[in-house]
Amino acid sequence: MSTTKTPASAPGRTDTARPGRLWAILRLHRTALWIWTAFVVIAAGALLWLRLGPDATAAVQLQAGCGTPGHRACNLTPASEDFYAFQRNLMGVGSFLRNLAPVVAAWAGAALIGRELENGTAGLAWSQSVRPVRWLAEKLAVPAVLLTVGTGLLVVLYRGLLDWAADHHLLTAGY
């Protein structure tokens, strides 16, 4: 009777062929994470442009020349178009960011869970010793942290923009 032994790896050497769970999850969802990263960079750039762009500079100069916010004479000048353009852009970005959460949740849920449910790997994992709660936590934890960091950055930039606009009297009473 012949027994064959499988060769053991050399001592002190790690097996690099098998990535860890973290890298497997990131590799599995890399397209979605790249799209999210590009979105965060573009949205952060738009928020910074709204704060530092020409509309903001013109709106601050117009408001400084008015004396009191909402003065009727200021609303009649041709330069007030910059002020209203700034407010329109600010309201557009604000409504976009407020409506972002449900879209991101649906998109992330579909991208992260849909493939496993479709291929049947979720059922296979659930029939093994892995509990569904643990399986979902492992699948969602890393991407959720990345989504939270990106969303947190956008929230901080937007709140900073609103505070700056309020300090310079660029917000109307209806905002």
# chains A, B, ... in the order shown; residues from 1 in each chain; ligands from 1
>>> residues_around(residues="range 41-44 of chain A", least_positions_apart="3", cutoff="12 Å", atoms="only C-alpha atoms", output="PyMOL selection string")
chain A and resi 34-38+47-51+93-94+96-97+100+150-158+160-161
>>> residues_around(residues="Val142 in chain A", least_positions_apart="3", cutoff="8 Å", atoms="only C-alpha atoms", output="JSON, numbers by chain")
{"A": [22, 25, 26, 138, 139, 145, 146]}
